[in-house]
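Undergrad: So that we are looking at the same thing, I have put the structure below in structure tokens.
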Amino acid sequence: MRKEIWRETPGSVKLLLLMSFIMNIGFYALIPYLTLYMTGSIGWTLAMAGLVLSVRQFSQQGFSFLGGLVSDKFGYKGTMVLGLFIRATGFCAFAYCTETWHFFLAAVLSGLGGSLFEPAGSAAYAILTPESIRKDVFAFRNVLGNVGVVGSQIVGTALSSFDFFWLSIFAGALYYLLSIVGLLCLPAATMRNTRQSLMQSVIHVIKDKPFMLYTLILIGYYYLYMQIFLTIPQFVEDTLGSKTFVGIVLSTVSVATILFQMKIIQWLAHFQQRFTLIGLGALLMGIGMFFFTFADSLWAIMLDSVIFAFGTMISMPYLIEMVPLFAPKEQIGAYYGFNGYSLAFGGSLGTFIGGWVYDLGVHQQLPWLAWSICLLVGIVVAWLLYQLEQKVGVKLQAEF
């Protein structure tokens, strides 16, 4: 981040950035290796492991609208702290899972925690960050998060090879720590919605047709994005034969983001077609994964992963920044929460159907099947967002 922008960033936002960094360490240290633990040590199919991840994802995003409404009504700080504490409990619970239902219960707990702190945190960013630097702050958040991902791969690889129990405890402990930091240090950030009841807020969001369409299209985007937690790690281990290479590939994505994210934001600063940019990013993600069809070495997989990473770098800052363009200031939490349904459905489809299609491709000796579907999804998302740009893009930015 440029020095002048960093100087303009409020201290409360800097604390949120630090918390995002630590969240990513805990999350990415655990989730990719949870998949490998369930398919390896537990002996489940990838589709079954994907179902657990789907439940976690849907528990989070499926209730994020309610979490956003609660944060608008009662304040973002308390909602974040409670959510962090619940996720910490869910992550620690994975360490003690011995039965199938144990895994699903831990997944639900970790997801419900996210349904509270994620929309509250996004709304707090939007409210506490000056509009003139919001895009840069969101981009830097992405960079800092990926620095955390690199660190998480070192921790995740080490602890998972030693004992998955300690990996779960480590991830949960980080979230317990963050709940304490949030309680003691975060300001009571709020744009409290006193004009509308919860039901009136729900109706207002649902009647916003352009926003509803945007949320629907993003289901495809998150189908692509969630492959980084399931089929990509499994593909790397199947192709190269070691969990160590999973950490290398995921770190490659993160390092590319660290090196190029802020540059990409600068290069695209004068490009006003934001919906089109998100679609372009989705298309690149699909292309990167389609190239896995032909990858049989570490270097080839790393190169394809970088293409995927460039897609996320183009999309992610604008993906987050677009929501406040739709939302009244006192309902930002609700809008972020409802937008989470795109991740709920897209993430669930991406992990469950994505895992099922990958297994089908392996069994039927069709290695191109899962990756061709990803390319098709990327094309469709790019086209739909381009169409949305023509209808509402210019109007929204003018009003904002």
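Ordering of the structure tokens sets the chain letters (A, B, ...), residue numbers begin anew at 1 in every chain, and ligands are numbered from 1 in the order given.
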Go through stretch 18-119 of chain A residue by residue and, counting only C-alpha atoms, keep those with an atom at most 6 Å from stretch 319-340 of chain A; for each kept residue give the shortest atom pair and its distance in Å to one decimal, ordered by chain and increasing number, as a tab-separated table.

TA:
```
residue	atom	partner	partner_atom	distance
A:Gln61	CA	A:Gly340	CA	4.9
A:Ser64	CA	A:Gly337	CA	4.5
A:Phe65	CA	A:Gly337	CA	3.7
A:Gly68	CA	A:Gly333	CA	4.2
A:Leu69	CA	A:Ala334	CA	4.8
A:Asp72	CA	A:Gly333	CA	5.6
A:Pro119	CA	A:Gly337	CA	5.1
```

Undergrad: Give me, as JSON, numbers by chain, all polymer residues having an atom no more than 6 Å from stretch 304-314 of chain A, counting only C-alpha atoms and skipping those fewer than 4 positions away in the same chain.

TA: {"A": [253, 261, 281, 282, 284, 285, 288]}

Undergrad: Just the residues within 10 Å of A:Ser251, please, counting only C-alpha atoms, with nothing from its chain fewer than 6 positions along; format it as a compact mmCIF listing (two decimals) with all heavy atoms, in the first residue's frame.

TA:
```
# COMPACT_ATOMS: atom_id res chain seq x y z
N ASN A 146 -3.20 -12.90 2.08
CA ASN A 146 -2.38 -13.91 1.39
C ASN A 146 -1.01 -14.07 2.02
O ASN A 146 -0.41 -15.14 1.91
CB ASN A 146 -2.28 -13.57 -0.09
CG ASN A 146 -3.49 -14.03 -0.88
OD1 ASN A 146 -3.58 -15.19 -1.26
ND2 ASN A 146 -4.44 -13.12 -1.08
N VAL A 147 -0.49 -13.01 2.65
CA VAL A 147 0.71 -13.18 3.46
C VAL A 147 0.43 -14.19 4.57
O VAL A 147 1.24 -15.07 4.87
CB VAL A 147 1.18 -11.83 4.04
CG1 VAL A 147 2.37 -12.05 4.98
CG2 VAL A 147 1.57 -10.86 2.94
N GLY A 148 -0.77 -14.05 5.16
CA GLY A 148 -1.18 -15.01 6.17
C GLY A 148 -1.30 -16.42 5.61
O GLY A 148 -0.97 -17.39 6.28
N VAL A 149 -1.78 -16.53 4.37
CA VAL A 149 -1.92 -17.85 3.75
C VAL A 149 -0.56 -18.52 3.59
O VAL A 149 -0.41 -19.72 3.85
CB VAL A 149 -2.62 -17.73 2.38
CG1 VAL A 149 -2.58 -19.06 1.64
CG2 VAL A 149 -4.07 -17.29 2.57
N VAL A 150 0.46 -17.75 3.18
CA VAL A 150 1.80 -18.31 3.03
C VAL A 150 2.30 -18.86 4.37
O VAL A 150 2.79 -19.99 4.46
CB VAL A 150 2.79 -17.25 2.49
CG1 VAL A 150 4.21 -17.81 2.48
CG2 VAL A 150 2.39 -16.83 1.09
N GLY A 151 2.13 -18.05 5.41
CA GLY A 151 2.52 -18.52 6.74
C GLY A 151 1.72 -19.72 7.18
O GLY A 151 2.25 -20.64 7.81
N SER A 152 0.45 -19.74 6.82
CA SER A 152 -0.41 -20.84 7.23
C SER A 152 0.01 -22.16 6.61
O SER A 152 -0.16 -23.22 7.21
CB SER A 152 -1.87 -20.54 6.88
OG SER A 152 -2.10 -20.69 5.48
N GLN A 153 0.55 -22.10 5.39
CA GLN A 153 0.96 -23.34 4.73
C GLN A 153 2.14 -23.99 5.44
O GLN A 153 2.25 -25.22 5.52
CB GLN A 153 1.30 -23.08 3.26
CG GLN A 153 0.12 -22.59 2.44
CD GLN A 153 -1.12 -23.40 2.68
OE1 GLN A 153 -1.12 -24.62 2.53
NE2 GLN A 153 -2.20 -22.73 3.07
N ILE A 154 3.04 -23.15 5.96
CA ILE A 154 4.17 -23.68 6.73
C ILE A 154 3.65 -24.36 7.99
O ILE A 154 4.00 -25.49 8.32
CB ILE A 154 5.15 -22.55 7.07
CG1 ILE A 154 5.71 -21.93 5.78
CG2 ILE A 154 6.28 -23.07 7.95
CD1 ILE A 154 6.54 -20.68 6.01
N PHE A 245 3.56 -30.76 -1.56
CA PHE A 245 3.36 -29.99 -2.78
C PHE A 245 2.07 -29.17 -2.74
O PHE A 245 1.95 -28.16 -3.42
CB PHE A 245 3.37 -30.91 -4.01
CG PHE A 245 4.70 -31.55 -4.27
CD1 PHE A 245 4.86 -32.93 -4.19
CD2 PHE A 245 5.80 -30.77 -4.58
CE1 PHE A 245 6.09 -33.51 -4.43
CE2 PHE A 245 7.04 -31.35 -4.82
CZ PHE A 245 7.19 -32.72 -4.74
N THR A 257 -0.20 -13.18 -5.35
CA THR A 257 -1.10 -12.12 -4.90
C THR A 257 -0.35 -11.03 -4.14
O THR A 257 -0.60 -9.84 -4.34
CB THR A 257 -2.21 -12.71 -4.01
OG1 THR A 257 -2.89 -13.74 -4.73
CG2 THR A 257 -3.21 -11.64 -3.59
N MET A 302 2.03 -24.97 -10.90
CA MET A 302 2.28 -23.64 -10.32
C MET A 302 1.94 -22.54 -11.32
O MET A 302 1.36 -21.51 -10.95
CB MET A 302 3.74 -23.54 -9.88
CG MET A 302 4.07 -24.37 -8.64
SD MET A 302 5.85 -24.44 -8.27
CE MET A 302 6.20 -22.73 -7.88
N SER A 305 -1.73 -22.21 -11.55
CA SER A 305 -2.22 -21.61 -10.32
C SER A 305 -2.02 -20.10 -10.31
O SER A 305 -2.83 -19.36 -9.74
CB SER A 305 -1.51 -22.24 -9.10
OG SER A 305 -1.76 -23.62 -9.02
```

Undergrad: Name the residues of stretch 14-237 of chain A that fall into alpha helix (DSSP H) according to DSSP on the backbone, using the chain letters and numbers of this document, as a PyMOL selection string.

TA: chain A and resi 14-39+46-62+64-74+76-93+100-128+134-162+164-185+198-206+209-225+231-237

Undergrad: State, in Å with one decimal place, the distance from atom CA of A:Ile278 to atom CA of A:Val380.

TA: 12.2 Å

Undergrad: Using only C-alpha atoms, find the one residue out of A:Pro317, A:Pro32, A:Gly279, A:Gly346 that sits nearest to A:Ile264.

TA: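 When distances to A:Ile264 are compared using only C-alpha atoms, the smallest one comes from A:Pro317.
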
Undergrad: Can you tell me which residues surround A:Leu385 at a distance of at most 12 Å, considering only C-alpha atoms, apart from same-chain residues fewer than 5 positions away, and format the answer as a short mmCIF file (atom, residue, chain, number, x, y, z; two decimals) with C-alpha atoms, in the first residue's frame?

TA:
```
data_model
loop_
_atom_site.label_atom_id
_atom_site.label_comp_id
_atom_site.auth_asym_id
_atom_site.auth_seq_id
_atom_site.Cartn_x
_atom_site.Cartn_y
_atom_site.Cartn_z
CA PRO A 210 -30.07 -5.32 -9.55
CA PHE A 211 -28.48 -6.38 -6.27
CA LEU A 213 -29.14 -10.35 -9.83
CA TYR A 214 -25.56 -9.49 -8.85
CA THR A 215 -25.77 -11.90 -5.90
CA LEU A 216 -27.18 -14.64 -8.14
CA ILE A 217 -24.39 -14.30 -10.73
CA LEU A 218 -21.73 -14.52 -8.04
CA ILE A 219 -22.83 -18.08 -7.27
CA GLY A 220 -20.81 -19.08 -10.34
CA TYR A 221 -17.82 -17.02 -9.21
CA GLN A 273 -16.50 -1.10 -15.78
CA ARG A 274 -16.28 -2.84 -12.40
CA PHE A 275 -18.77 -5.64 -13.10
CA THR A 276 -16.87 -6.46 -16.29
CA LEU A 277 -13.61 -6.62 -14.32
CA ILE A 278 -15.10 -9.12 -11.89
CA GLY A 279 -16.23 -11.21 -14.86
CA LEU A 280 -12.79 -11.02 -16.45
CA GLY A 281 -11.29 -12.30 -13.20
CA ALA A 282 -13.74 -15.21 -13.14
CA LEU A 283 -12.84 -16.07 -16.73
CA SER A 315 -12.03 -9.73 -9.06
CA LEU A 319 -16.24 -7.89 -5.58
CA GLY A 378 -16.08 -18.76 -15.91
CA ILE A 379 -17.36 -17.92 -19.40
CA VAL A 380 -20.98 -17.73 -18.22
CA GLN A 390 -24.70 -2.50 -19.54
CA LYS A 391 -27.90 -2.30 -17.48
CA VAL A 392 -26.89 -0.81 -14.14
CA GLY A 393 -23.11 -0.30 -13.89
#
```

Undergrad: Go through A:Trp383, A:Trp299, A:Phe352, A:Trp6 and flag the residue nearest A:Phe140, using only C-alpha atoms for the distances.

TA: A:Trp6

Undergrad: Using only C-alpha atoms, which of the listed residues (A:Gly114, A:Gly347, A:Met316, A:Phe292) sits closest to A:Pro367?

TA: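 Result for the nearest residue to A:Pro367: A:Phe292.
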
Undergrad: Tell me which of A:Leu376, A:Leu144, A:Leu349, A:Val137 sits closest to A:Ser254, counting only C-alpha atoms.

TA: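 The shortest atom-to-atom distance to A:Ser254 comes from A:Leu144.
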
Undergrad: Applying 10 Å and only C-alpha atoms, which residues near A:Val181 remain after dropping the ones on its own chain fewer than 4 positions away? List them as a JSON list (two decimals) with all heavy atoms, in the first residue's frame.

TA:
```
[["chain", "number", "residue", "atom", "x", "y", "z"],
["A", 15, "LEU", "N", -6.24, -2.13, 12.67],
["A", 15, "LEU", "CA", -6.46, -3.27, 13.56],
["A", 15, "LEU", "C", -7.29, -4.35, 12.87],
["A", 15, "LEU", "O", -7.00, -5.55, 12.98],
["A", 15, "LEU", "CB", -7.15, -2.81, 14.84],
["A", 15, "LEU", "CG", -7.53, -3.92, 15.84],
["A", 15, "LEU", "CD1", -6.28, -4.67, 16.29],
["A", 15, "LEU", "CD2", -8.26, -3.33, 17.04],
["A", 19, "MET", "N", -6.29, -8.24, 12.15],
["A", 19, "MET", "CA", -7.16, -9.36, 12.52],
["A", 19, "MET", "C", -7.47, -10.24, 11.31],
["A", 19, "MET", "O", -7.50, -11.48, 11.43],
["A", 19, "MET", "CB", -8.45, -8.83, 13.15],
["A", 19, "MET", "CG", -8.25, -8.16, 14.50],
["A", 19, "MET", "SD", -9.77, -7.46, 15.22],
["A", 19, "MET", "CE", -10.70, -8.95, 15.58],
["A", 81, "VAL", "N", -17.21, -10.19, 17.76],
["A", 81, "VAL", "CA", -16.59, -10.91, 18.87],
["A", 81, "VAL", "C", -17.29, -12.24, 19.12],
["A", 81, "VAL", "O", -16.64, -13.28, 19.29],
["A", 81, "VAL", "CB", -16.61, -10.03, 20.14],
["A", 81, "VAL", "CG1", -16.21, -10.84, 21.37],
["A", 81, "VAL", "CG2", -15.67, -8.84, 19.98],
["A", 175, "TYR", "N", -8.46, -17.98, 16.80],
["A", 175, "TYR", "CA", -9.76, -17.29, 16.79],
["A", 175, "TYR", "C", -10.20, -16.90, 18.21],
["A", 175, "TYR", "O", -10.84, -15.86, 18.40],
["A", 175, "TYR", "CB", -10.82, -18.14, 16.09],
["A", 175, "TYR", "CG", -10.78, -18.00, 14.59],
["A", 175, "TYR", "CD1", -9.90, -18.75, 13.82],
["A", 175, "TYR", "CD2", -11.60, -17.09, 13.95],
["A", 175, "TYR", "CE1", -9.85, -18.61, 12.44],
["A", 175, "TYR", "CE2", -11.56, -16.94, 12.57],
["A", 175, "TYR", "CZ", -10.68, -17.71, 11.82],
["A", 175, "TYR", "OH", -10.63, -17.54, 10.45],
["A", 176, "TYR", "N", -9.88, -17.72, 19.21],
["A", 176, "TYR", "CA", -10.14, -17.30, 20.60],
["A", 176, "TYR", "C", -9.36, -16.03, 20.92],
["A", 176, "TYR", "O", -9.89, -15.10, 21.55],
["A", 176, "TYR", "CB", -9.74, -18.41, 21.57],
["A", 176, "TYR", "CG", -10.76, -19.50, 21.74],
["A", 176, "TYR", "CD1", -10.41, -20.84, 21.60],
["A", 176, "TYR", "CD2", -12.08, -19.21, 22.08],
["A", 176, "TYR", "CE1", -11.34, -21.86, 21.77],
["A", 176, "TYR", "CE2", -13.03, -20.21, 22.24],
["A", 176, "TYR", "CZ", -12.65, -21.54, 22.08],
["A", 176, "TYR", "OH", -13.59, -22.54, 22.24],
["A", 177, "LEU", "N", -8.10, -15.99, 20.49],
["A", 177, "LEU", "CA", -7.28, -14.80, 20.72],
["A", 177, "LEU", "C", -7.89, -13.57, 20.05],
["A", 177, "LEU", "O", -7.95, -12.48, 20.64],
["A", 177, "LEU", "CB", -5.86, -15.04, 20.18],
["A", 177, "LEU", "CG", -4.90, -13.84, 20.21],
["A", 177, "LEU", "CD1", -4.64, -13.41, 21.65],
["A", 177, "LEU", "CD2", -3.58, -14.20, 19.51],
["A", 185, "CYS", "N", -10.19, -4.07, 22.03],
["A", 185, "CYS", "CA", -9.54, -3.03, 21.24],
["A", 185, "CYS", "C", -10.39, -2.41, 20.13],
["A", 185, "CYS", "O", -10.09, -1.29, 19.70],
["A", 185, "CYS", "CB", -8.25, -3.59, 20.61],
["A", 185, "CYS", "SG", -7.07, -4.22, 21.81],
["A", 186, "LEU", "N", -11.40, -3.11, 19.63],
["A", 186, "LEU", "CA", -12.17, -2.56, 18.52],
["A", 186, "LEU", "C", -13.11, -1.45, 19.00],
["A", 186, "LEU", "O", -13.70, -1.57, 20.08],
["A", 186, "LEU", "CB", -12.99, -3.65, 17.84],
["A", 186, "LEU", "CG", -12.27, -4.55, 16.84],
["A", 186, "LEU", "CD1", -13.25, -5.60, 16.30],
["A", 186, "LEU", "CD2", -11.68, -3.75, 15.68]]
```

Undergrad: Suppose you want the space between atom CA of A:Phe117 and atom CA of A:Gly83; what is it in Å?

TA: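 Between atom CA of A:Phe117 and atom CA of A:Gly83 the gap is 4.8 Å.
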
Undergrad: Check which residues of stretch 4-25 of chain A sit at most 10 Å from stretch 131-134 of chain A using only C-alpha atoms, and return one row each with the closest pair of atoms and their distance in Å to one decimal, ordered by chain and rising number, as CSV.

TA:
```
residue,atom,partner,partner_atom,distance
A:Ile5,CA,A:Ile133,CA,6.6
A:Trp6,CA,A:Ile133,CA,9.2
A:Glu8,CA,A:Ile133,CA,8.0
A:Thr9,CA,A:Ile133,CA,7.9
```

Undergrad: Would you save the residues of that selection, restricted to N, CA and C atoms, as a PDB file, in the first residue's frame?

TA:
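result26.pdb, freshly written:
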```pdb
ATOM      1  N   ILE A   5      -1.653   6.556   1.381  1.00  0.00           N
ATOM      2  CA  ILE A   5      -2.909   5.868   1.678  1.00  0.00           C
ATOM      3  C   ILE A   5      -2.852   5.253   3.071  1.00  0.00           C
ATOM      4  N   TRP A   6      -1.702   4.674   3.414  1.00  0.00           N
ATOM      5  CA  TRP A   6      -1.539   4.090   4.746  1.00  0.00           C
ATOM      6  C   TRP A   6      -1.710   5.150   5.839  1.00  0.00           C
ATOM      7  N   GLU A   8      -3.577   7.748   5.658  1.00  0.00           N
ATOM      8  CA  GLU A   8      -4.987   8.112   5.724  1.00  0.00           C
ATOM      9  C   GLU A   8      -5.850   7.023   6.361  1.00  0.00           C
ATOM     10  N   THR A   9      -5.301   5.838   6.515  1.00  0.00           N
ATOM     11  CA  THR A   9      -6.076   4.717   7.044  1.00  0.00           C
ATOM     12  C   THR A   9      -6.229   4.846   8.555  1.00  0.00           C
TER      13      THR A   9
END
```

Undergrad: Just how far from atom CA of A:Cys92 is atom CA of A:Phe170, in Å to one decimal?

TA: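 If I compute the distance from atom CA of A:Phe170 to atom CA of A:Cys92, I get 7.9 Å.
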
Undergrad: Which residue gives the smallest distance to A:Cys374 among A:Ile228, A:Leu240, A:Ala158, A:Leu388, with only C-alpha atoms counted?

TA: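 Between A:Ile228, A:Leu240, A:Ala158, A:Leu388, the residue approaching A:Cys374 most closely is A:Ile228.
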